[in-house]
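Colleague: This is start-v6.tsv (TSV, C-alpha atoms).
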chain	number	residue	atom	x	y	z
A	1	MET	CA	0.00	0.00	0.00
A	2	ARG	CA	1.01	3.62	-0.49
A	3	ILE	CA	1.50	6.09	2.35
A	4	GLY	CA	-2.02	7.46	1.82
A	5	GLU	CA	-3.60	4.10	2.53
A	6	LEU	CA	-1.30	3.54	5.50
A	7	SER	CA	-2.59	6.86	6.84
A	8	GLN	CA	-6.21	5.92	6.17
A	9	GLN	CA	-5.95	2.49	7.84
A	10	THR	CA	-4.34	3.86	11.00
A	11	GLY	CA	-5.82	7.35	11.23
A	12	VAL	CA	-2.31	8.80	11.48
A	13	PRO	CA	-1.82	11.91	9.28
A	14	ILE	CA	0.73	11.58	6.45
A	15	PRO	CA	3.08	14.31	7.85
A	16	THR	CA	3.19	12.43	11.16
A	17	ILE	CA	4.02	9.16	9.37
A	18	LYS	CA	6.84	10.95	7.53
A	19	TYR	CA	8.11	12.32	10.84
A	20	TYR	CA	8.15	8.82	12.37
A	21	LEU	CA	10.02	7.53	9.28
A	22	ARG	CA	12.66	10.27	9.66
A	23	GLU	CA	12.95	9.57	13.40
A	24	GLY	CA	13.43	5.85	12.78
A	25	LEU	CA	10.27	4.74	14.59
A	26	LEU	CA	8.97	3.14	11.42
A	27	PRO	CA	11.14	1.19	8.95
A	28	ALA	CA	11.36	2.67	5.45
A	29	GLY	CA	8.95	1.28	2.86
A	30	GLU	CA	10.07	-0.54	-0.25
A	31	LEU	CA	10.93	2.01	-2.94
A	32	THR	CA	8.87	1.53	-6.08
A	33	SER	CA	10.11	4.71	-7.76
A	34	PRO	CA	12.57	7.42	-6.67
A	35	ASN	CA	9.88	9.22	-4.66
A	36	GLN	CA	7.31	6.56	-3.92
A	37	ALA	CA	7.42	3.72	-1.41
A	38	ARG	CA	5.24	0.73	-0.69
A	39	TYR	CA	4.19	-0.27	2.83
A	40	ASP	CA	2.72	-3.51	4.19
A	41	ASP	CA	0.82	-4.91	7.17
A	42	ALA	CA	3.96	-4.89	9.33
A	43	HIS	CA	4.02	-1.10	8.90
A	44	VAL	CA	0.36	-0.83	9.92
A	45	ARG	CA	1.07	-2.84	13.05
A	46	ARG	CA	4.25	-0.97	13.96
A	47	LEU	CA	2.56	2.38	13.40
A	48	ARG	CA	-0.27	1.38	15.75
A	49	LEU	CA	2.22	0.33	18.41
A	50	VAL	CA	4.05	3.66	18.07
A	51	ARG	CA	0.75	5.52	18.47
A	52	ALA	CA	-0.17	3.49	21.55
A	53	LEU	CA	3.21	4.26	23.14
A	54	VAL	CA	3.12	7.96	22.26
A	55	GLU	CA	-0.60	8.78	22.62
A	56	VAL	CA	-1.72	6.45	25.39
A	57	GLY	CA	1.59	5.86	27.17
A	58	GLY	CA	2.77	9.45	26.84
A	59	LEU	CA	6.28	8.30	25.83
A	60	SER	CA	8.60	10.76	24.11
A	61	ILE	CA	9.87	10.04	20.61
A	62	ALA	CA	13.31	9.17	22.04
A	63	ALA	CA	11.82	6.81	24.64
A	64	THR	CA	9.64	5.16	21.99
A	65	ARG	CA	12.68	4.58	19.74
A	66	GLU	CA	14.52	3.04	22.71
A	67	VAL	CA	11.63	0.70	23.53
A	68	LEU	CA	11.34	-0.45	19.91
A	69	ALA	CA	15.09	-1.05	19.69
A	70	GLN	CA	15.19	-3.08	22.92
A	71	MET	CA	12.07	-5.00	22.01
A	72	ASN	CA	13.66	-6.86	19.11
A	73	SER	CA	17.17	-7.36	20.37
A	74	CYS	CA	16.96	-10.37	22.70
A	75	GLU	CA	17.48	-14.09	22.60
A	76	THR	CA	15.30	-15.31	25.46
A	77	PRO	CA	11.77	-14.35	26.54
A	78	LEU	CA	12.99	-13.22	29.95
A	79	ALA	CA	15.64	-10.92	28.48
A	80	SER	CA	13.21	-9.62	25.96
A	81	ILE	CA	10.45	-8.84	28.48
A	82	GLY	CA	12.94	-7.30	30.88
A	83	LYS	CA	14.70	-5.08	28.36
A	84	ALA	CA	11.47	-3.71	26.99
A	85	GLN	CA	10.17	-2.98	30.50
A	86	PHE	CA	13.35	-1.22	31.52
A	87	ALA	CA	13.16	0.97	28.44
A	88	ILE	CA	9.59	2.01	29.27
A	89	ALA	CA	10.45	3.16	32.77
A	90	SER	CA	10.58	6.87	33.42
A	91	ARG	CA	13.74	8.16	34.98
A	92	THR	CA	13.79	11.26	37.13
A	93	GLU	CA	16.61	12.65	39.21
A	94	PRO	CA	15.62	12.10	42.83
A	95	HIS	CA	15.84	14.88	45.39
A	96	GLU	CA	18.05	13.13	47.96
A	97	ASP	CA	16.63	14.26	51.28
A	98	ALA	CA	15.67	12.27	54.39
A	99	ALA	CA	12.30	11.34	52.85
A	100	HIS	CA	14.12	9.86	49.86
A	101	ALA	CA	16.50	7.82	52.04
A	102	ASP	CA	13.53	6.45	54.02
A	103	ALA	CA	11.68	5.63	50.82
A	104	VAL	CA	14.62	3.66	49.36
A	105	ARG	CA	14.67	1.60	52.56
A	106	GLN	CA	10.89	1.05	52.38
A	107	VAL	CA	11.22	-0.25	48.82
A	108	ASP	CA	13.91	-2.74	49.87
A	109	GLU	CA	11.78	-3.89	52.80
A	110	LEU	CA	8.70	-4.30	50.62
A	111	ILE	CA	10.60	-6.44	48.09
A	112	GLU	CA	12.01	-8.58	50.91
A	113	ARG	CA	8.65	-8.90	52.67
A	114	ARG	CA	6.82	-9.99	49.54
A	115	GLY	CA	9.59	-12.35	48.41
A	116	TRP	CA	9.88	-10.46	45.13
A	117	ARG	CA	12.83	-10.92	42.82
A	118	VAL	CA	13.72	-7.52	41.44
A	119	ARG	CA	17.13	-6.75	40.00
A	120	PRO	CA	18.99	-3.82	41.58
A	121	THR	CA	19.04	-2.18	38.14
A	122	ASN	CA	15.26	-2.25	37.64
A	123	PRO	CA	14.30	1.44	37.32
A	124	ALA	CA	10.91	0.72	38.94
A	125	ARG	CA	12.76	0.71	42.30
A	126	ALA	CA	13.73	4.37	41.89
A	127	ALA	CA	10.30	5.29	40.52
A	128	LEU	CA	8.58	3.72	43.53
A	129	ALA	CA	10.99	5.38	45.98
A	130	GLU	CA	10.36	8.78	44.41
A	131	ALA	CA	6.57	8.41	44.66
A	132	LEU	CA	6.82	7.23	48.28
A	133	ALA	CA	9.16	10.11	49.16
A	134	TYR	CA	6.58	12.60	47.86
A	135	LEU	CA	3.86	11.02	50.02
A	136	THR	CA	6.05	11.73	53.06
A	137	ARG	CA	7.11	15.19	51.91
A	138	LEU	CA	3.47	16.16	51.43
A	139	GLY	CA	2.59	14.93	54.91
A	140	HIS	CA	0.64	11.86	53.79
A	141	GLU	CA	2.63	9.34	55.87
A	142	ASP	CA	-0.71	7.81	56.82
A	143	ALA	CA	-1.04	6.68	53.19
A	144	LEU	CA	2.06	4.47	53.45
A	145	PRO	CA	0.21	1.41	54.84
A	146	MET	CA	-1.80	1.37	51.59
A	147	LEU	CA	1.39	0.41	49.79
A	148	GLU	CA	0.70	-3.22	50.69
A	149	ARG	CA	-2.72	-3.07	49.03
A	150	TYR	CA	-1.23	-1.65	45.85
A	151	ALA	CA	1.45	-4.36	45.92
A	152	GLU	CA	-1.19	-7.08	46.32
A	153	ALA	CA	-3.04	-5.71	43.30
A	154	ALA	CA	0.18	-5.67	41.26
A	155	ASP	CA	0.94	-9.26	42.28
A	156	ALA	CA	-2.54	-10.48	41.38
A	157	LEU	CA	-2.36	-8.85	37.94
A	158	ALA	CA	1.17	-10.02	37.09
A	159	VAL	CA	0.12	-13.67	36.80
A	160	PRO	CA	-2.45	-13.33	33.98
A	161	GLU	CA	-0.30	-10.61	32.37
A	162	LEU	CA	2.63	-12.98	32.08
A	163	GLU	CA	0.38	-15.85	30.93
A	164	LEU	CA	-0.78	-13.70	28.06
A	165	THR	CA	2.77	-12.67	27.14
A	166	LEU	CA	4.03	-16.26	27.15
A	167	SER	CA	1.09	-17.42	25.03
A	168	ARG	CA	2.62	-15.63	22.00
A	169	LYS	CA	4.30	-17.92	19.52
A	170	ASP	CA	7.64	-16.15	19.02
A	171	LEU	CA	10.06	-13.83	20.80
A	172	ASP	CA	9.00	-10.74	18.88
A	173	GLY	CA	5.37	-11.39	19.74
A	174	MET	CA	6.23	-11.85	23.43
A	175	ALA	CA	8.25	-8.66	23.59
A	176	GLU	CA	5.53	-6.70	21.83
A	177	THR	CA	2.85	-8.10	24.11
A	178	ALA	CA	4.90	-7.31	27.23
A	179	VAL	CA	5.40	-3.72	26.09
A	180	THR	CA	1.75	-3.29	25.12
A	181	ILE	CA	0.40	-4.72	28.38
A	182	THR	CA	2.78	-2.63	30.46
A	183	VAL	CA	1.90	0.65	28.74
A	184	LEU	CA	-1.80	0.08	28.04
A	185	GLY	CA	-2.18	-1.57	31.47
A	186	ASP	CA	-1.01	1.66	33.15
A	187	ALA	CA	-3.64	3.57	31.19
A	188	LEU	CA	-6.39	1.00	31.86
A	189	LEU	CA	-5.71	0.98	35.58
A	190	GLY	CA	-5.46	4.76	35.78
A	191	ALA	CA	-8.83	5.21	34.06
A	192	LEU	CA	-10.50	2.42	36.07
A	193	ARG	CA	-9.19	3.86	39.36
A	194	ARG	CA	-10.73	7.25	38.53
A	195	MET	CA	-14.09	5.63	37.76
A	196	ALA	CA	-14.02	3.45	40.88
A	197	GLN	CA	-13.09	6.51	42.95
A	198	GLU	CA	-15.98	8.53	41.52
A	199	THR	CA	-18.30	5.62	42.26
A	200	GLU	CA	-17.07	5.28	45.84
A	201	ALA	CA	-17.20	9.05	46.43
A	202	THR	CA	-20.78	9.21	45.12
A	203	ARG	CA	-21.81	6.25	47.31
A	204	ARG	CA	-20.30	7.79	50.41
A	205	LEU	CA	-21.15	11.43	49.84
A	206	GLY	CA	-24.45	11.23	48.02
A	207	GLN	CA	-25.49	12.45	44.61
A	208	GLY	CA	-22.96	14.94	43.18
B	1	MET	CA	12.13	32.53	54.53
B	2	ARG	CA	13.85	33.87	51.42
B	3	ILE	CA	13.77	32.16	48.04
B	4	GLY	CA	17.20	30.59	48.73
B	5	GLU	CA	15.89	28.74	51.76
B	6	LEU	CA	12.72	27.73	49.91
B	7	SER	CA	15.00	26.23	47.27
B	8	GLN	CA	17.13	24.47	49.87
B	9	GLN	CA	14.17	22.96	51.74
B	10	THR	CA	12.55	21.59	48.60
B	11	GLY	CA	15.55	20.84	46.39
B	12	VAL	CA	13.98	22.91	43.61
B	13	PRO	CA	16.50	25.25	41.89
B	14	ILE	CA	15.84	29.00	42.25
B	15	PRO	CA	15.32	29.59	38.50
B	16	THR	CA	12.66	26.85	38.49
B	17	ILE	CA	10.90	28.45	41.48
B	18	LYS	CA	10.93	31.79	39.64
B	19	TYR	CA	9.46	30.09	36.59
B	20	TYR	CA	6.64	28.57	38.66
B	21	LEU	CA	5.96	32.01	40.21
B	22	ARG	CA	5.71	33.57	36.73
B	23	GLU	CA	3.45	30.74	35.54
B	24	GLY	CA	1.15	31.15	38.53
B	25	LEU	CA	1.78	27.69	40.00
B	26	LEU	CA	3.06	29.24	43.21
B	27	PRO	CA	1.51	32.32	44.87
B	28	ALA	CA	3.79	35.35	45.12
B	29	GLY	CA	5.70	35.81	48.37
B	30	GLU	CA	5.19	38.80	50.66
B	31	LEU	CA	7.35	41.67	49.42
B	32	THR	CA	9.81	42.86	52.07
B	33	SER	CA	11.64	45.24	49.73
B	34	PRO	CA	11.18	46.12	46.04
B	35	ASN	CA	13.17	43.08	44.93
B	36	GLN	CA	12.95	40.68	47.84
B	37	ALA	CA	10.05	38.49	48.95
B	38	ARG	CA	9.37	36.31	51.94
B	39	TYR	CA	7.92	32.81	51.68
B	40	ASP	CA	6.33	30.53	54.28
B	41	ASP	CA	5.47	26.88	54.93
B	42	ALA	CA	2.44	27.08	52.64
B	43	HIS	CA	4.88	27.83	49.78
B	44	VAL	CA	7.04	24.84	50.73
B	45	ARG	CA	3.99	22.60	50.64
B	46	ARG	CA	2.59	23.98	47.40
B	47	LEU	CA	6.01	23.74	45.74
B	48	ARG	CA	6.28	20.07	46.73
B	49	LEU	CA	2.81	19.39	45.32
B	50	VAL	CA	3.75	21.09	42.05
B	51	ARG	CA	6.90	18.95	41.84
B	52	ALA	CA	4.94	15.76	42.51
B	53	LEU	CA	2.47	16.64	39.75
B	54	VAL	CA	5.16	17.63	37.25
B	55	GLU	CA	7.97	15.18	38.06
B	56	VAL	CA	6.10	12.07	39.19
B	57	GLY	CA	2.77	12.62	37.46
B	58	GLY	CA	4.30	13.94	34.22
B	59	LEU	CA	1.72	16.75	34.04
B	60	SER	CA	2.39	19.77	31.84
B	61	ILE	CA	2.64	23.23	33.38
B	62	ALA	CA	-0.79	24.09	31.95
B	63	ALA	CA	-2.36	20.91	33.33
B	64	THR	CA	-0.76	21.52	36.73
B	65	ARG	CA	-2.15	25.06	36.83
B	66	GLU	CA	-5.60	23.70	35.95
B	67	VAL	CA	-5.46	21.07	38.72
B	68	LEU	CA	-4.39	23.64	41.32
B	69	ALA	CA	-7.15	26.02	40.25
B	70	GLN	CA	-9.86	23.34	40.41
B	71	MET	CA	-8.53	21.97	43.70
B	72	ASN	CA	-9.43	25.06	45.70
B	73	SER	CA	-12.64	26.15	44.02
B	74	CYS	CA	-15.33	23.91	45.49
B	75	GLU	CA	-17.89	23.93	48.25
B	76	THR	CA	-18.41	20.22	48.91
B	77	PRO	CA	-15.95	17.33	49.23
B	78	LEU	CA	-17.57	15.48	46.32
B	79	ALA	CA	-17.33	18.47	43.99
B	80	SER	CA	-13.79	19.11	45.11
B	81	ILE	CA	-12.60	15.53	44.60
B	82	GLY	CA	-14.38	15.28	41.27
B	83	LYS	CA	-13.10	18.55	39.84
B	84	ALA	CA	-9.51	17.81	40.76
B	85	GLN	CA	-9.73	14.33	39.24
B	86	PHE	CA	-11.25	15.62	36.03
B	87	ALA	CA	-8.44	18.14	35.69
B	88	ILE	CA	-5.79	15.43	36.09
B	89	ALA	CA	-7.20	13.28	33.29
B	90	SER	CA	-5.31	13.23	30.03
B	91	ARG	CA	-7.31	14.04	26.94
B	92	THR	CA	-6.41	12.67	23.53
B	93	GLU	CA	-8.36	12.88	20.32
B	94	PRO	CA	-9.60	9.36	19.63
B	95	HIS	CA	-9.20	7.73	16.23
B	96	GLU	CA	-12.85	6.87	15.55
B	97	ASP	CA	-12.68	3.51	13.84
B	98	ALA	CA	-14.60	0.27	14.49
B	99	ALA	CA	-12.25	-0.65	17.36
B	100	HIS	CA	-13.07	2.69	19.02
B	101	ALA	CA	-16.83	2.20	18.66
B	102	ASP	CA	-16.53	-1.30	20.18
B	103	ALA	CA	-14.42	0.05	23.02
B	104	VAL	CA	-16.92	2.77	23.92
B	105	ARG	CA	-19.61	0.08	24.14
B	106	GLN	CA	-17.33	-2.13	26.30
B	107	VAL	CA	-16.80	0.77	28.72
B	108	ASP	CA	-20.56	1.33	29.06
B	109	GLU	CA	-21.10	-2.39	29.64
B	110	LEU	CA	-18.35	-2.57	32.25
B	111	ILE	CA	-19.81	0.37	34.19
B	112	GLU	CA	-23.27	-1.21	34.04
B	113	ARG	CA	-21.99	-4.67	35.02
B	114	ARG	CA	-20.08	-3.39	38.03
B	115	GLY	CA	-22.84	-1.07	39.17
B	116	TRP	CA	-20.46	1.87	38.96
B	117	ARG	CA	-21.70	5.45	39.03
B	118	VAL	CA	-19.62	7.41	36.56
B	119	ARG	CA	-20.81	10.68	35.08
B	120	PRO	CA	-20.97	10.85	31.27
B	121	THR	CA	-18.51	13.76	31.44
B	122	ASN	CA	-15.81	11.85	33.36
B	123	PRO	CA	-12.79	11.87	30.99
B	124	ALA	CA	-11.70	8.47	32.34
B	125	ARG	CA	-14.39	6.94	30.08
B	126	ALA	CA	-12.65	8.21	26.97
B	127	ALA	CA	-9.21	7.30	28.31
B	128	LEU	CA	-10.33	3.73	29.01
B	129	ALA	CA	-12.00	3.42	25.60
B	130	GLU	CA	-8.83	4.61	23.86
B	131	ALA	CA	-6.63	2.08	25.70
B	132	LEU	CA	-9.09	-0.75	24.96
B	133	ALA	CA	-9.29	0.26	21.30
B	134	TYR	CA	-5.49	-0.04	21.02
B	135	LEU	CA	-5.59	-3.55	22.52
B	136	THR	CA	-7.94	-4.55	19.70
B	137	ARG	CA	-6.05	-2.65	16.98
B	138	LEU	CA	-2.83	-4.40	18.02
B	139	GLY	CA	-4.49	-7.80	17.86
B	140	HIS	CA	-4.58	-8.40	21.62
B	141	GLU	CA	-8.33	-9.09	21.84
B	142	ASP	CA	-7.46	-12.02	24.12
B	143	ALA	CA	-6.34	-9.44	26.73
B	144	LEU	CA	-9.85	-7.99	27.00
B	145	PRO	CA	-11.09	-10.50	29.63
B	146	MET	CA	-8.35	-9.15	31.93
B	147	LEU	CA	-10.27	-5.88	32.08
B	148	GLU	CA	-12.41	-7.39	34.83
B	149	ARG	CA	-9.30	-8.13	36.93
B	150	TYR	CA	-8.05	-4.57	36.53
B	151	ALA	CA	-11.50	-3.26	37.47
B	152	GLU	CA	-11.57	-5.45	40.60
B	153	ALA	CA	-8.20	-4.04	41.64
B	154	ALA	CA	-9.42	-0.48	41.06
B	155	ASP	CA	-12.55	-1.17	43.13
B	156	ALA	CA	-10.58	-2.68	46.00
B	157	LEU	CA	-8.22	0.29	46.11
B	158	ALA	CA	-10.90	2.98	45.86
B	159	VAL	CA	-12.29	2.22	49.33
B	160	PRO	CA	-9.14	2.93	51.40
B	161	GLU	CA	-8.22	5.77	49.01
B	162	LEU	CA	-11.48	7.54	49.73
B	163	GLU	CA	-11.22	6.81	53.48
B	164	LEU	CA	-7.89	8.57	53.52
B	165	THR	CA	-9.24	11.54	51.56
B	166	LEU	CA	-12.25	11.96	53.85
B	167	SER	CA	-10.07	11.75	56.96
B	168	ARG	CA	-8.69	15.22	56.18
B	169	LYS	CA	-10.11	17.98	58.34
B	170	ASP	CA	-11.03	20.57	55.70
B	171	LEU	CA	-12.02	20.86	52.04
B	172	ASP	CA	-8.60	22.03	50.90
B	173	GLY	CA	-6.96	19.09	52.63
B	174	MET	CA	-9.41	16.66	51.03
B	175	ALA	CA	-8.90	18.08	47.55
B	176	GLU	CA	-5.13	18.00	47.95
B	177	THR	CA	-5.20	14.43	49.24
B	178	ALA	CA	-7.45	13.29	46.38
B	179	VAL	CA	-5.11	14.84	43.82
B	180	THR	CA	-2.01	13.43	45.48
B	181	ILE	CA	-3.39	9.92	45.78
B	182	THR	CA	-4.62	9.91	42.21
B	183	VAL	CA	-1.29	11.06	40.75
B	184	LEU	CA	1.13	9.30	43.11
B	185	GLY	CA	-1.11	6.21	43.09
B	186	ASP	CA	-0.66	5.90	39.31
B	187	ALA	CA	3.11	6.04	39.80
B	188	LEU	CA	3.09	3.59	42.73
B	189	LEU	CA	0.99	1.07	40.84
B	190	GLY	CA	3.04	1.43	37.68
B	191	ALA	CA	6.29	0.78	39.54
B	192	LEU	CA	4.85	-2.09	41.59
B	193	ARG	CA	3.40	-3.75	38.47
B	194	ARG	CA	6.83	-3.72	36.83
B	195	MET	CA	8.42	-5.29	39.92
B	196	ALA	CA	5.69	-7.92	40.25
B	197	GLN	CA	6.03	-8.68	36.55
B	198	GLU	CA	9.80	-9.13	36.81
B	199	THR	CA	9.25	-11.40	39.81
B	200	GLU	CA	6.68	-13.50	38.00
B	201	ALA	CA	8.79	-13.69	34.82
B	202	THR	CA	11.82	-14.82	36.83
B	203	ARG	CA	9.75	-17.44	38.67
B	204	ARG	CA	8.34	-18.85	35.45
B	205	LEU	CA	11.36	-18.58	33.19
B	206	GLY	CA	14.22	-19.12	35.60
B	207	GLN	CA	17.13	-16.91	36.48
B	208	GLY	CA	17.67	-14.15	33.93
Can I see the file as structure tokens?
Modeller:
Amino acid sequence: MRIGELSQQTGVPIPTIKYYLREGLLPAGELTSPNQARYDDAHVRRLRLVRALVEVGGLSIAATREVLAQMNSCETPLASIGKAQFAIASRTEPHEDAAHADAVRQVDELIERRGWRVRPTNPARAALAEALAYLTRLGHEDALPMLERYAEAADALAVPELELTLSRKDLDGMAETAVTITVLGDALLGALRRMAQETEATRRLGQG
Amino acid sequence: MRIGELSQQTGVPIPTIKYYLREGLLPAGELTSPNQARYDDAHVRRLRLVRALVEVGGLSIAATREVLAQMNSCETPLASIGKAQFAIASRTEPHEDAAHADAVRQVDELIERRGWRVRPTNPARAALAEALAYLTRLGHEDALPMLERYAEAADALAVPELELTLSRKDLDGMAETAVTITVLGDALLGALRRMAQETEATRRLGQG
């Protein structure tokens, strides 16, 4: 198909597709003449994944390129899932105050308590510590016990999430599924939490 | 305190504080001379909230300003919690294809099935539909049954989250707690999911 049909099938405007091509998020099409290229179903699929990462996941172009590169560079499912996940993680520079030091300790204790196996390099450790540190800094220490409830939810979801990933027939499919579930899962949970919270608030506080 | 101490207490560089002041994210200090202002603990607290929204929540400056404005503009806890939540929601233009139409129907059915009370204007509906539509577009229809598991997790968490919010002694405190828990809760859950997923992957696939 030509770029116009690729645009029509995916709803992505042609200038945006050209931008993704220049940025290396989408492999070049097969040239059929000096200024015309042909695209196929793999392009449709890749373009949809890019849109999910950028639009739903809020990833930057650089982060998206990194995820795509990591996704297809591994020789075992575990490596593949891990690399893609690490690439998705956001990295912020922590403010290293007392709240941060406490939070790092709380993360270690949580991992130990739950018997989790999390590599020291997993960026989710730092992301969790930073969020916990802000709870303390903002005076919401009484929210910290809820951490266990969040962790239980994460544990319960990880089992079917991994089942789904491992059900794919090849490494590329597994990596893509892991990335998709991680990013779209964040969005699903975020939206569902807001709805459940509105429901609970309305139940408790009456008609809004 | 002067701006230097405000910077020291929060770890936010002075130029960034000045930028937030110009952008209206932080109320002006009390002028003590034509070019010197004094700040207090309310500034420390507000500055930390802004950082949590921007750094952990990934909100834009405009979105942060909107959240802060909505947070302190209500007369009942329900209105206050609702307005702040609505302001936090991300809004993307959906691609209105068949997958999107199906997804909108799935969201309505889910709300009905769970007996949730979600206003038609809650932007979480559109956010959920968009994430579900991408699952279908990427060929992961077999992930859709997991939606129920995610919804159960959201339901279970909403109860203690609301308890915590309602335990605050005034409207401003409730609104701030609702905003904080919504934004930091997304980050906590995201980080915990990645750790639980690594744990489960390592258990199932052996040492990485």
Colleague: If we count only C-alpha atoms, what is near B:Gly82 at a cut-off of 10 Å, once residues fewer than 5 positions away on the same chain are taken out, given as a VMD selection string?
Modeller: (chain A and resid 194 197 to 198 201 to 202 208) or (chain B and resid 70 to 71 74 76 to 77 87 122 175 178 to 179)
Colleague: Please provide the set of residues having any atom within 8 Å of B:Leu6, restricted to all atoms listed in the file, with same-chain residues fewer than 5 positions apart removed, written as a list of chain:residue names.
Modeller: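 In the requested format, the answer is B:Met1, B:Tyr39, B:His43, B:Val44.
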Colleague: May I ask you to extract the residues of chain A within 6 Å of chain B, using only C-alpha atoms, and to give them as a list of chain:residue names?
Modeller: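 Every residue of chain A that passes the 6 Å test is in A:Trp116, A:Arg117, A:Val118, A:Ala124, A:Leu128, A:Ala131, A:Ala151, A:Ala153, A:Ala154, A:Asp155, A:Ala158, A:Leu184, A:Leu188, A:Ala191, A:Leu192, A:Arg193, A:Met195, A:Ala196, A:Gln197, A:Thr199.
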Colleague: Quick check, in Å to one decimal: how far apart do atom CA of A:Asp170 and atom CA of A:Ala28 lie?
Modeller: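 Going from atom CA of A:Asp170 over to atom CA of A:Ala28, I get 23.5 Å.
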Colleague: Return as AutoDock Vina command-line options the box centre and box size in Å, one decimal, for an axis-aligned box around all listed atoms of stretch 191-195 of chain B padded by 6 Å per side.
Modeller:
--center_x 5.9 --center_y -2.3 --center_z 39.2 --size_x 17.0 --size_y 18.1 --size_z 16.8
Colleague: How many Å separate atom CA of B:Tyr20 from atom CA of A:Thr136?
Modeller: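 About the pair atom CA of B:Tyr20 and atom CA of A:Thr136: they are 22.2 Å apart.
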Colleague: In Å, rounded to a single decimal, give me how far atom CA of A:Met174 is from atom CA of A:Leu59.
Modeller: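 Distance between the two atoms: 20.3 Å.
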